[in-house]
Every structure is written in C-alpha cells, then in structure tokens.
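Colleague: Structure: protein.txt, compact mmCIF, C-alpha atoms.
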# COMPACT_ATOMS: atom_id res chain seq x y z
CA MET A 1 -21.82 15.29 52.94
CA CYS A 2 -18.77 17.52 52.45
CA SER A 3 -16.56 15.10 54.36
CA LEU A 4 -17.67 12.20 52.17
CA TYR A 5 -17.13 14.21 48.97
CA CYS A 6 -13.68 15.34 50.08
CA MET A 7 -12.68 11.76 50.96
CA ILE A 8 -13.78 10.52 47.52
CA ALA A 9 -11.84 13.35 45.86
CA VAL A 10 -8.67 12.53 47.81
CA LEU A 11 -8.91 8.83 47.01
CA THR A 12 -9.41 9.66 43.34
CA LEU A 13 -6.29 11.84 43.29
CA VAL A 14 -4.20 9.16 45.03
CA ASN A 15 -5.29 6.48 42.58
CA THR A 16 -4.66 8.79 39.62
CA SER A 17 -1.17 9.55 40.91
CA LYS A 18 -0.35 5.83 41.05
CA LEU A 19 -1.62 5.41 37.51
CA PHE A 20 0.68 8.16 36.25
CA VAL A 21 3.70 6.61 37.97
CA THR A 22 2.92 3.25 36.43
CA ALA A 23 2.48 4.83 33.01
CA ASP A 24 5.86 6.57 33.31
CA ASP A 25 7.52 3.29 34.25
CA VAL A 26 5.95 1.48 31.30
CA CYS A 27 6.54 4.25 28.73
CA GLY A 28 10.01 5.32 29.85
CA LEU A 29 12.79 5.15 27.27
CA GLY A 30 15.24 2.29 27.61
CA CYS A 31 18.08 1.34 25.25
CA HIS A 32 20.64 -1.44 25.40
CA THR A 33 23.29 -2.99 23.17
CA VAL A 34 22.88 -6.44 21.63
CA LYS A 35 26.14 -8.09 20.57
CA SER A 36 26.28 -10.85 17.98
CA GLU A 37 26.34 -14.30 19.55
CA ARG A 38 29.81 -14.98 18.17
CA ILE A 39 32.56 -13.40 16.12
CA SER A 40 32.44 -13.76 12.34
CA ASP A 41 34.63 -16.13 10.38
CA THR A 42 37.99 -14.74 9.28
CA GLU A 43 37.48 -15.05 5.53
CA ASP A 44 37.30 -11.85 3.51
CA ASP A 45 33.71 -10.51 3.41
CA ALA A 46 32.49 -12.95 6.11
CA THR A 47 29.45 -11.51 7.89
CA ILE A 48 27.81 -11.77 11.30
CA THR A 49 24.54 -10.23 12.54
CA ALA A 50 22.89 -8.91 15.67
CA LYS A 51 19.18 -8.14 16.02
CA CYS A 52 16.86 -6.57 18.56
CA PRO A 53 14.29 -8.40 20.69
CA VAL A 54 10.69 -8.40 19.50
CA GLY A 55 8.99 -5.12 20.35
CA GLU A 56 12.18 -3.02 20.24
CA VAL A 57 13.48 -0.82 17.42
CA MET A 58 17.06 -0.73 16.14
CA THR A 59 18.43 2.81 16.34
CA GLY A 60 22.10 2.11 15.69
CA CYS A 61 24.52 -0.47 14.23
CA SER A 62 28.28 -0.73 14.65
CA SER A 63 31.07 -3.33 14.55
CA TYR A 64 34.42 -4.13 16.15
CA SER A 65 37.32 -6.35 15.10
CA PRO A 66 39.46 -7.23 18.13
CA GLY A 67 43.17 -7.60 17.58
CA SER A 68 43.18 -6.90 13.85
CA GLY A 69 44.89 -3.52 13.80
CA HIS A 70 45.09 -1.20 10.80
CA GLY A 71 41.34 -1.17 10.18
CA LYS A 72 40.83 -4.65 8.75
CA ARG A 73 37.02 -4.37 8.63
CA ASP A 74 34.66 -3.78 5.76
CA GLY A 75 32.28 -1.96 8.12
CA GLU A 76 28.62 -2.62 8.85
CA TYR A 77 25.12 -1.79 7.66
CA PHE A 78 21.38 -2.10 8.43
CA GLY A 79 20.00 -5.15 6.64
CA GLU A 80 17.16 -7.68 6.84
CA ASP A 81 17.04 -11.36 7.68
CA ASP A 82 14.98 -13.94 5.78
CA ASN A 83 11.88 -12.97 7.79
CA GLY A 84 12.15 -9.28 7.01
CA ASN A 85 13.46 -8.33 10.47
CA THR A 86 16.03 -5.53 10.71
CA VAL A 87 19.53 -6.78 11.56
CA CYS A 88 22.91 -5.15 12.08
CA VAL A 89 25.35 -6.81 9.65
CA ALA A 90 29.11 -6.59 10.33
CA ILE A 91 31.61 -7.46 7.59
CA ASN A 92 35.13 -8.84 8.02
CA GLY A 93 37.88 -7.49 5.78
CA GLY A 94 40.78 -9.22 4.08
CA TYR A 95 43.34 -10.54 6.61
CA GLY A 96 41.02 -9.55 9.45
CA THR A 97 40.57 -11.58 12.62
CA GLY A 98 36.76 -11.53 12.45
CA VAL A 99 34.20 -8.96 13.58
CA TYR A 100 31.39 -8.61 16.10
CA ALA A 101 28.13 -6.84 15.25
CA TYR A 102 26.51 -4.51 17.78
CA ALA A 103 22.86 -3.46 17.50
CA ARG A 104 21.47 -0.61 19.59
CA CYS A 105 17.94 -1.55 20.61
CA CYS A 106 15.42 0.83 22.16
CA ASN A 107 11.99 0.59 23.75
CA TRP A 108 10.68 4.05 22.86
CA PRO A 109 6.94 4.75 22.87
CA ASN A 110 5.47 5.28 19.39
CA MET A 111 8.90 5.27 17.73
CA LYS A 112 8.98 4.32 14.05
CA CYS A 113 12.23 3.82 12.15
CA GLU A 114 13.30 3.48 8.54
CA TYR A 115 16.77 2.60 7.24
CA VAL A 116 18.28 4.55 4.37
CA LYS A 117 21.14 3.55 2.08
CA GLY A 118 23.31 6.32 0.67
CA ASN A 119 25.14 6.72 -2.62
CA THR A 120 28.44 4.99 -3.40
CA SER A 121 31.20 7.57 -3.03
CA THR A 122 33.91 8.08 -5.61
CA SER A 123 37.43 6.78 -5.06
CA ALA A 124 38.77 10.21 -4.15
CA GLU A 125 40.19 10.60 -0.65
CA ASP A 126 37.60 11.75 1.90
CA ASP A 127 34.85 11.75 -0.73
CA GLY A 128 31.51 11.20 0.94
CA SER A 129 28.50 8.94 0.83
CA PHE A 130 25.35 10.61 2.12
CA ALA A 131 22.34 8.76 3.55
CA VAL A 132 19.51 11.27 3.97
CA CYS A 133 16.42 10.61 6.08
CA PRO A 134 12.91 11.27 4.78
CA HIS A 135 11.42 14.52 6.03
CA LYS A 136 8.73 12.73 8.05
CA ILE A 137 7.99 9.22 9.30
CA ASN A 138 4.54 8.44 10.67
CA CYS A 139 3.59 12.12 10.20
CA MET A 140 6.38 13.27 12.55
CA GLU A 141 9.78 14.80 11.83
CA ALA A 142 12.43 12.13 11.22
CA MET A 143 15.83 12.38 12.88
CA VAL A 144 18.99 10.34 12.43
CA THR A 145 19.64 8.13 15.49
CA GLY A 146 22.56 6.03 14.23
CA CYS A 147 25.04 5.85 11.34
CA SER A 148 26.95 3.01 9.66
CA VAL A 149 29.30 2.69 6.69
CA LYS A 150 30.59 -0.19 4.59
CA SER A 151 33.09 -0.80 1.81
CA ALA A 152 34.24 -3.93 0.00
CA TRP A 153 37.83 -2.69 0.16
CA LYS A 154 38.40 -1.89 3.85
CA HIS A 155 39.29 1.73 3.12
CA LEU A 156 37.00 3.25 5.75
CA SER A 157 37.67 6.66 7.23
CA GLY A 158 34.55 6.36 9.34
CA VAL A 159 31.10 7.90 9.48
CA LYS A 160 29.36 10.65 11.41
CA PRO A 161 25.83 12.01 11.80
CA VAL A 162 25.09 15.39 10.26
CA MET A 163 22.21 16.59 12.37
CA PRO A 164 19.34 16.45 12.19
CA ASP A 165 18.74 14.01 9.35
CA MET A 166 21.84 12.67 7.55
CA CYS A 167 24.82 10.31 7.86
CA GLN A 168 28.08 11.01 6.05
CA GLY A 169 30.55 8.20 5.35
CA TYR A 170 34.14 8.94 4.31
CA ASN A 171 36.19 7.19 1.66
CA GLU A 172 39.92 6.66 2.07
CA GLY A 173 42.19 7.24 -0.93
CA GLY A 174 42.81 4.01 -2.83
CA SER A 175 39.35 2.59 -2.22
CA LYS A 176 36.68 2.21 -4.86
CA GLY A 177 34.10 3.86 -2.66
CA VAL A 178 32.03 3.57 0.53
CA ILE A 179 28.30 3.51 1.28
CA ALA A 180 26.73 5.20 4.31
CA PHE A 181 23.57 3.99 6.05
CA ALA A 182 21.25 5.90 8.37
CA ALA A 183 18.74 4.83 11.00
CA CYS A 184 15.96 7.41 10.66
CA CYS A 185 13.40 7.50 13.46
CA SER A 186 10.46 9.57 14.63
CA ALA A 187 8.64 9.79 17.95
CA PRO A 188 6.56 12.43 19.75
CA GLY A 189 8.87 15.24 20.91
CA LEU A 190 12.04 13.49 19.68
CA GLU A 191 15.19 15.59 19.95
CA CYS A 192 18.66 14.32 18.94
CA LYS A 193 22.18 15.71 18.74
CA ARG A 194 25.73 14.59 17.92
CA ILE A 195 28.61 14.41 20.38
CA ALA A 196 32.25 13.45 19.87
CA SER A 197 35.15 12.36 22.08
CA VAL A 198 38.72 13.55 22.20
CA LYS A 199 41.13 11.77 19.83
CA SER A 200 42.54 8.41 20.95
CA GLY A 201 46.20 7.51 21.22
CA GLY A 202 48.06 6.24 18.18
CA ASP A 203 48.81 2.64 19.17
CA VAL A 204 46.83 -0.44 18.13
CA GLY A 205 43.98 -0.94 20.59
CA ASP A 206 44.04 2.57 22.05
CA THR A 207 40.51 3.70 22.87
CA THR A 208 38.53 6.87 23.33
CA LYS A 209 34.99 7.24 24.60
CA VAL A 210 32.19 9.73 25.08
CA LYS A 211 28.94 9.75 27.07
CA CYS A 212 25.64 11.56 26.56
CA GLN A 213 24.80 14.39 28.92
CA GLU A 214 22.18 13.87 31.59
CA GLY A 215 18.66 13.64 30.20
CA PHE A 216 19.78 12.18 26.85
CA THR A 217 20.00 8.51 25.87
CA MET A 218 22.60 7.12 23.47
CA THR A 219 20.96 5.67 20.36
CA GLY A 220 23.95 5.23 18.05
CA CYS A 221 27.74 5.07 18.08
CA ASN A 222 30.53 4.86 15.52
CA ALA A 223 34.02 6.20 14.81
CA ARG A 224 35.74 8.70 12.56
CA SER A 225 39.40 8.94 11.54
CA PRO A 226 40.94 10.41 8.38
CA TRP A 227 43.83 7.95 8.56
CA LEU A 228 42.30 4.54 7.80
CA VAL A 229 42.97 3.14 11.28
CA ILE A 230 39.53 2.34 12.71
CA ASP A 231 39.10 -1.08 14.33
CA GLY A 232 35.50 -0.33 15.25
CA ALA A 233 33.19 1.08 17.90
CA TYR A 234 30.29 0.09 20.12
CA ILE A 235 28.20 1.24 23.10
CA ASP A 236 29.37 -0.45 26.30
CA GLU A 237 27.38 -1.49 29.39
CA ASP A 238 27.83 1.96 30.94
CA ASP A 239 26.39 3.68 27.85
CA ASN A 240 29.73 4.99 26.63
CA CYS A 241 30.46 5.14 22.91
CA VAL A 242 33.89 3.50 22.68
CA ALA A 243 36.05 3.71 19.53
CA PHE A 244 39.15 1.57 18.89
CA ASN A 245 42.27 2.76 17.11
CA GLY A 246 44.06 0.54 14.61
CA GLY A 247 47.59 1.93 14.92
CA ASN A 248 49.80 3.81 12.44
CA GLU A 249 50.59 6.28 15.24
CA LYS A 250 47.34 8.04 14.36
CA GLY A 251 44.06 8.13 16.26
CA VAL A 252 40.26 7.94 16.12
CA TRP A 253 37.28 9.83 17.51
CA ALA A 254 34.17 8.24 18.99
CA VAL A 255 31.02 9.86 17.59
CA ALA A 256 27.60 9.25 19.14
CA ASN A 257 23.93 10.13 18.68
CA CYS A 258 22.13 11.24 21.84
CA CYS A 259 18.35 11.59 21.93
CA LYS A 260 15.57 12.53 24.34
What does this structure look like when you write it as structure tokens?
Modeller:
Amino acid sequence: MCSLYCMIAVLTLVNTSKLFVTADDVCGLGCHTVKSERISDTEDDATITAKCPVGEVMTGCSSYSPGSGHGKRDGEYFGEDDNGNTVCVAINGGYGTGVYAYARCCNWPNMKCEYVKGNTSTSAEDDGSFAVCPHKINCMEAMVTGCSVKSAWKHLSGVKPVMPDMCQGYNEGGSKGVIAFAACCSAPGLECKRIASVKSGGDVGDTTKVKCQEGFTMTGCNARSPWLVIDGAYIDEDDNCVAFNGGNEKGVWAVANCCK
C-alpha cells in the first residue's frame, strides 16, 4: 500500500514540475523591436508608423533618420491608427532624408499600458515638457517604460525617463516648444530603472550604446543631447540602446528603460 502511495506521489510531483516549466516558458517576458516597413517621405512633417503584433503591448517608441546629420527630425510619439491601435509615429523634419519608426513590443503577463502626453514647453533653452504617469493602472503601481518627444521645429535636445513615473523632454533655444510622451505600464512585481551610455563622438553618424544588466529587459530607448545634434535612437537586435550623433563636434547619450 505504501509503495503504491509513494509511486503516485512521485508521479504527481513529476507532472507538476513539468507544468511549472511550461508555465514559465509561456509566461516569460519577451520584448523585440518592430521597425517601420519603410522610411518616411522626405517632405517636412512626413510621418511613418510602426505597430506591435496582436497580443503584445508597446512599451517604447523611437525614431532614426539615417544620413541627415544635425538633427533633422521632428521626433516621435505614441499615437493611434484608424482602428484605435497604438502606433509609434516618427516625424521627418525640414530638409531631412526621411525617418524610420521603431516600436518596442513586449509579451509581458498581465501588463497594461497607457500613453500620456505632456505639456508644450516654452521656447526657452532646455525648458522641459513633462509627461507624468497615473499613480496606478489596473490597480497596480504604474511605471514609465519608454519616453518620446516631438516638436514641429526640429529643435530637440532629447528626452529621458525620470524614474519611476515621468518622461522629461528638452527644448532647444530657438524652438517654439517640445512635447514629451510617456509609455506608462503596470504588471505584477514590475520594477524599472534608467540607464545611460557614455557620450558619443562628435562626428555625424557617431554612435554610443548601452545595455541592461542581467535580469532586466530593455523596454524603451531614446537619446539626450543639449546641443541639438540627435539623429535618433533605437534598440538593436542584441538589445542595445543605440543613439546616433548628428555632428557639430558635439555628442549624444543613449538613455534606456530597463525593467524586470
């Protein structure tokens, strides 16, 4: 009788163990970058979008203008398509060569996200636009997972997350203002932090990158520079946040959100 009971108990434990492994595989966090299918047109204010597959949430939005130099982008923001789906919208600036949009898409169990638009900054140099997350989403604490910034006048000094729940966009002197946008998400046990790279070189096309520490997943990426020389940023296939300098013998920093 004891032998039979022990055998049933062992089989039960083995089967339960397999169930837990399967559950971990299904519920494990996975994020990837979705790039717009093509580059935008080169007209001023031309837009292009990227969106996440069905069943995934967008945690970050960034853009990149290859070969433009001198920051000829109007930035990017979280928007909606005609069907109400969240999209990452990238905006080309005057005399720009076109932009790509990059959406960061995650399969995170029970994650809910909202997208917040900040105030329009003043025209003063380095004045800020602040997009502040709600205190809670789906009854759980909301954290910022990605930041974006846009301006109709190209004068972007970048954007950075202010942890745990805000994005700050920076105006460049001479502009009429910028608007910051925040991806605000909640999930059981969510923990996020900000990391930044070293400064890039000063030539057009010089890059700098940063990677999340082990145990964290990159959910958002953008760039910051007080010198109006940002050509964009995105998360590459190796999960690096890569920022591109626009020249002027200055440099940029890559700034990323890392969550677990």
Colleague: Residues within 8 Å of Val229 (chain A), please, as JSON, numbers by chain. Count only C-alpha atoms; anything in the same chain fewer than 4 positions from it doesn't count.
Modeller: {"A": [69, 70, 71, 157, 225, 245, 246, 247, 248, 250, 251, 252]}
Colleague: Write the residues you've just listed into a file as a PDB file, in the frame of the given file, and include C-alpha atoms for each of them.
Modeller:
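Contents of out_28.pdb, freshly written:
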ATOM      1  CA  GLY A  69      44.890  -3.520  13.800  1.00  0.00           C
ATOM      2  CA  HIS A  70      45.090  -1.200  10.800  1.00  0.00           C
ATOM      3  CA  GLY A  71      41.340  -1.170  10.180  1.00  0.00           C
ATOM      4  CA  SER A 157      37.670   6.660   7.230  1.00  0.00           C
ATOM      5  CA  SER A 225      39.400   8.940  11.540  1.00  0.00           C
ATOM      6  CA  ASN A 245      42.270   2.760  17.110  1.00  0.00           C
ATOM      7  CA  GLY A 246      44.060   0.540  14.610  1.00  0.00           C
ATOM      8  CA  GLY A 247      47.590   1.930  14.920  1.00  0.00           C
ATOM      9  CA  ASN A 248      49.800   3.810  12.440  1.00  0.00           C
ATOM     10  CA  LYS A 250      47.340   8.040  14.360  1.00  0.00           C
ATOM     11  CA  GLY A 251      44.060   8.130  16.260  1.00  0.00           C
ATOM     12  CA  VAL A 252      40.260   7.940  16.120  1.00  0.00           C
TER      13      VAL A 252
END
Colleague: Name all residues at most 9 Å from Ala124 (chain A) (count only C-alpha atoms; drop same-chain ones fewer than 2 positions away) and give them as a ChimeraX atom specification.
Modeller: /A:121-122,126-128,171-177
Colleague: Excluding region 86-99 of chain A and its own-chain neighbours fewer than 2 positions away, which residues fall within 8 Å of it when counting all atoms listed in the file? Please give them as a VMD selection string.
Modeller: chain A and resid 39 to 52 58 61 to 68 72 to 81 84 101 to 103 150 152 to 154
Colleague: For CA of Pro53 (chain A) and CA of Ala142 (chain A), determine how far apart the two atoms are, in Å to one decimal place.
Modeller: 22.7 Å
Colleague: With a distance cut-off of 7 Å and all atoms listed in the file, select the neighbouring residues of Asn107 (chain A), excluding the residue or stretch itself and same-chain residues fewer than 6 positions from it, and output the selection as a list in words.
Modeller: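 Everything that qualifies: Leu29, Gly30, Cys31, Glu56 and Val57 of chain A.
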Colleague: Show which residues sit within 7 Å of Ala183 (chain A), as a PyMOL selection string. Count all atoms listed in the file, and ignore same-chain residues fewer than 2 positions away.
Modeller: chain A and resi 59-60+113-116+144-147+181+185
Colleague: Using only C-alpha atoms, can you tell me which of A:Met166, A:Val149, A:Cys259, A:Thr217 comes closest to Val132 (chain A)?
Modeller: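 Ranked by minimum distance to Val132 (chain A), first place goes to A:Met166.
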Colleague: Between CA of Asp231 (chain A) and CA of Glu37 (chain A), measure the distance and give it in Å to one decimal.
Modeller: 19.1 Å
Colleague: Within 6 Å of (50.2, 9.4, 17.9), in the coordinates the file gives, what residues turn up when you count only C-alpha atoms, written out as a list in words?
Modeller: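 Here is the list of nearby residues: Gly201, Gly202, Glu249 and Lys250 of chain A.
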Colleague: Measuring between all atoms listed in the file, which one of A:Met143, A:Val159, A:Asn138, A:Asp165 shows the shortest distance to Gly232 (chain A)?
Modeller: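 So, comparing all the options, the nearest one is A:Val159.
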Colleague: Give me the box for region 132-150 of chain A as JSON, namely the centre and edge lengths in Å to one decimal of a box along x, y and z that holds every listed atom plus 4 Å on each side.
Modeller:
{"center_x": 17.1, "center_y": 7.3, "center_z": 9.7, "size_x": 35.0, "size_y": 23.0, "size_z": 19.5}
Colleague: Have region 152-183 of chain A completed to N, CA and C atoms, please, and pass it along as a CSV table (one decimal), in the coordinates of the input.
Modeller:
chain,number,residue,atom,x,y,z
A,152,ALA,N,33.7,-2.6,0.3
A,152,ALA,CA,34.2,-3.9,0.0
A,152,ALA,C,35.8,-3.9,0.0
A,153,TRP,N,36.4,-2.8,0.3
A,153,TRP,CA,37.8,-2.7,0.2
A,153,TRP,C,38.5,-2.2,1.4
A,154,LYS,N,37.8,-2.2,2.5
A,154,LYS,CA,38.4,-1.9,3.8
A,154,LYS,C,38.7,-0.4,4.0
A,155,HIS,N,38.8,0.4,3.0
A,155,HIS,CA,39.3,1.7,3.1
A,155,HIS,C,38.2,2.6,3.7
A,156,LEU,N,38.0,2.5,5.0
A,156,LEU,CA,37.0,3.2,5.8
A,156,LEU,C,37.6,4.3,6.6
A,157,SER,N,37.2,5.6,6.4
A,157,SER,CA,37.7,6.7,7.2
A,157,SER,C,36.6,7.0,8.2
A,158,GLY,N,35.6,6.2,8.3
A,158,GLY,CA,34.6,6.4,9.3
A,158,GLY,C,33.3,7.0,8.8
A,159,VAL,N,32.4,7.3,9.8
A,159,VAL,CA,31.1,7.9,9.5
A,159,VAL,C,30.7,8.8,10.6
A,160,LYS,N,29.9,9.8,10.3
A,160,LYS,CA,29.4,10.6,11.4
A,160,LYS,C,28.0,11.1,11.1
A,161,PRO,N,27.1,11.4,12.1
A,161,PRO,CA,25.8,12.0,11.8
A,161,PRO,C,26.0,13.5,11.5
A,162,VAL,N,25.2,14.0,10.5
A,162,VAL,CA,25.1,15.4,10.3
A,162,VAL,C,23.7,15.8,10.7
A,163,MET,N,23.5,16.4,11.8
A,163,MET,CA,22.2,16.6,12.4
A,163,MET,C,21.4,17.6,11.6
A,164,PRO,N,20.1,17.4,11.4
A,164,PRO,CA,19.3,16.4,12.2
A,164,PRO,C,19.0,15.2,11.4
A,165,ASP,N,19.4,15.0,10.2
A,165,ASP,CA,18.7,14.0,9.4
A,165,ASP,C,19.6,13.3,8.3
A,166,MET,N,21.0,13.3,8.6
A,166,MET,CA,21.8,12.7,7.6
A,166,MET,C,23.1,12.0,8.2
A,167,CYS,N,23.6,10.9,7.5
A,167,CYS,CA,24.8,10.3,7.9
A,167,CYS,C,25.8,10.5,6.7
A,168,GLN,N,27.0,10.8,7.1
A,168,GLN,CA,28.1,11.0,6.0
A,168,GLN,C,29.2,10.0,6.3
A,169,GLY,N,29.4,9.1,5.3
A,169,GLY,CA,30.6,8.2,5.4
A,169,GLY,C,31.7,8.7,4.5
A,170,TYR,N,32.9,8.4,4.9
A,170,TYR,CA,34.1,8.9,4.3
A,170,TYR,C,35.0,7.8,3.6
A,171,ASN,N,35.3,8.1,2.4
A,171,ASN,CA,36.2,7.2,1.7
A,171,ASN,C,37.7,7.5,2.0
A,172,GLU,N,38.5,6.5,1.9
A,172,GLU,CA,39.9,6.7,2.1
A,172,GLU,C,40.5,6.5,0.7
A,173,GLY,N,41.5,7.3,0.4
A,173,GLY,CA,42.2,7.2,-0.9
A,173,GLY,C,42.7,5.8,-1.2
A,174,GLY,N,42.4,5.4,-2.4
A,174,GLY,CA,42.8,4.0,-2.8
A,174,GLY,C,41.7,3.1,-2.9
A,175,SER,N,40.5,3.4,-2.2
A,175,SER,CA,39.4,2.6,-2.2
A,175,SER,C,38.5,2.9,-3.5
A,176,LYS,N,37.6,2.0,-3.7
A,176,LYS,CA,36.7,2.2,-4.9
A,176,LYS,C,35.4,2.8,-4.4
A,177,GLY,N,35.3,3.2,-3.1
A,177,GLY,CA,34.1,3.9,-2.7
A,177,GLY,C,33.5,3.2,-1.4
A,178,VAL,N,32.7,4.0,-0.7
A,178,VAL,CA,32.0,3.6,0.5
A,178,VAL,C,30.6,3.9,0.4
A,179,ILE,N,29.7,3.3,1.2
A,179,ILE,CA,28.3,3.5,1.3
A,179,ILE,C,27.9,3.8,2.7
A,180,ALA,N,27.2,4.9,3.0
A,180,ALA,CA,26.7,5.2,4.3
A,180,ALA,C,25.3,4.7,4.5
A,181,PHE,N,24.9,4.4,5.7
A,181,PHE,CA,23.6,4.0,6.0
A,181,PHE,C,23.1,4.8,7.3
A,182,ALA,N,21.8,5.1,7.3
A,182,ALA,CA,21.2,5.9,8.4
A,182,ALA,C,20.0,5.2,9.0
A,183,ALA,N,20.0,5.2,10.3
A,183,ALA,CA,18.7,4.8,11.0
A,183,ALA,C,18.0,6.1,11.2
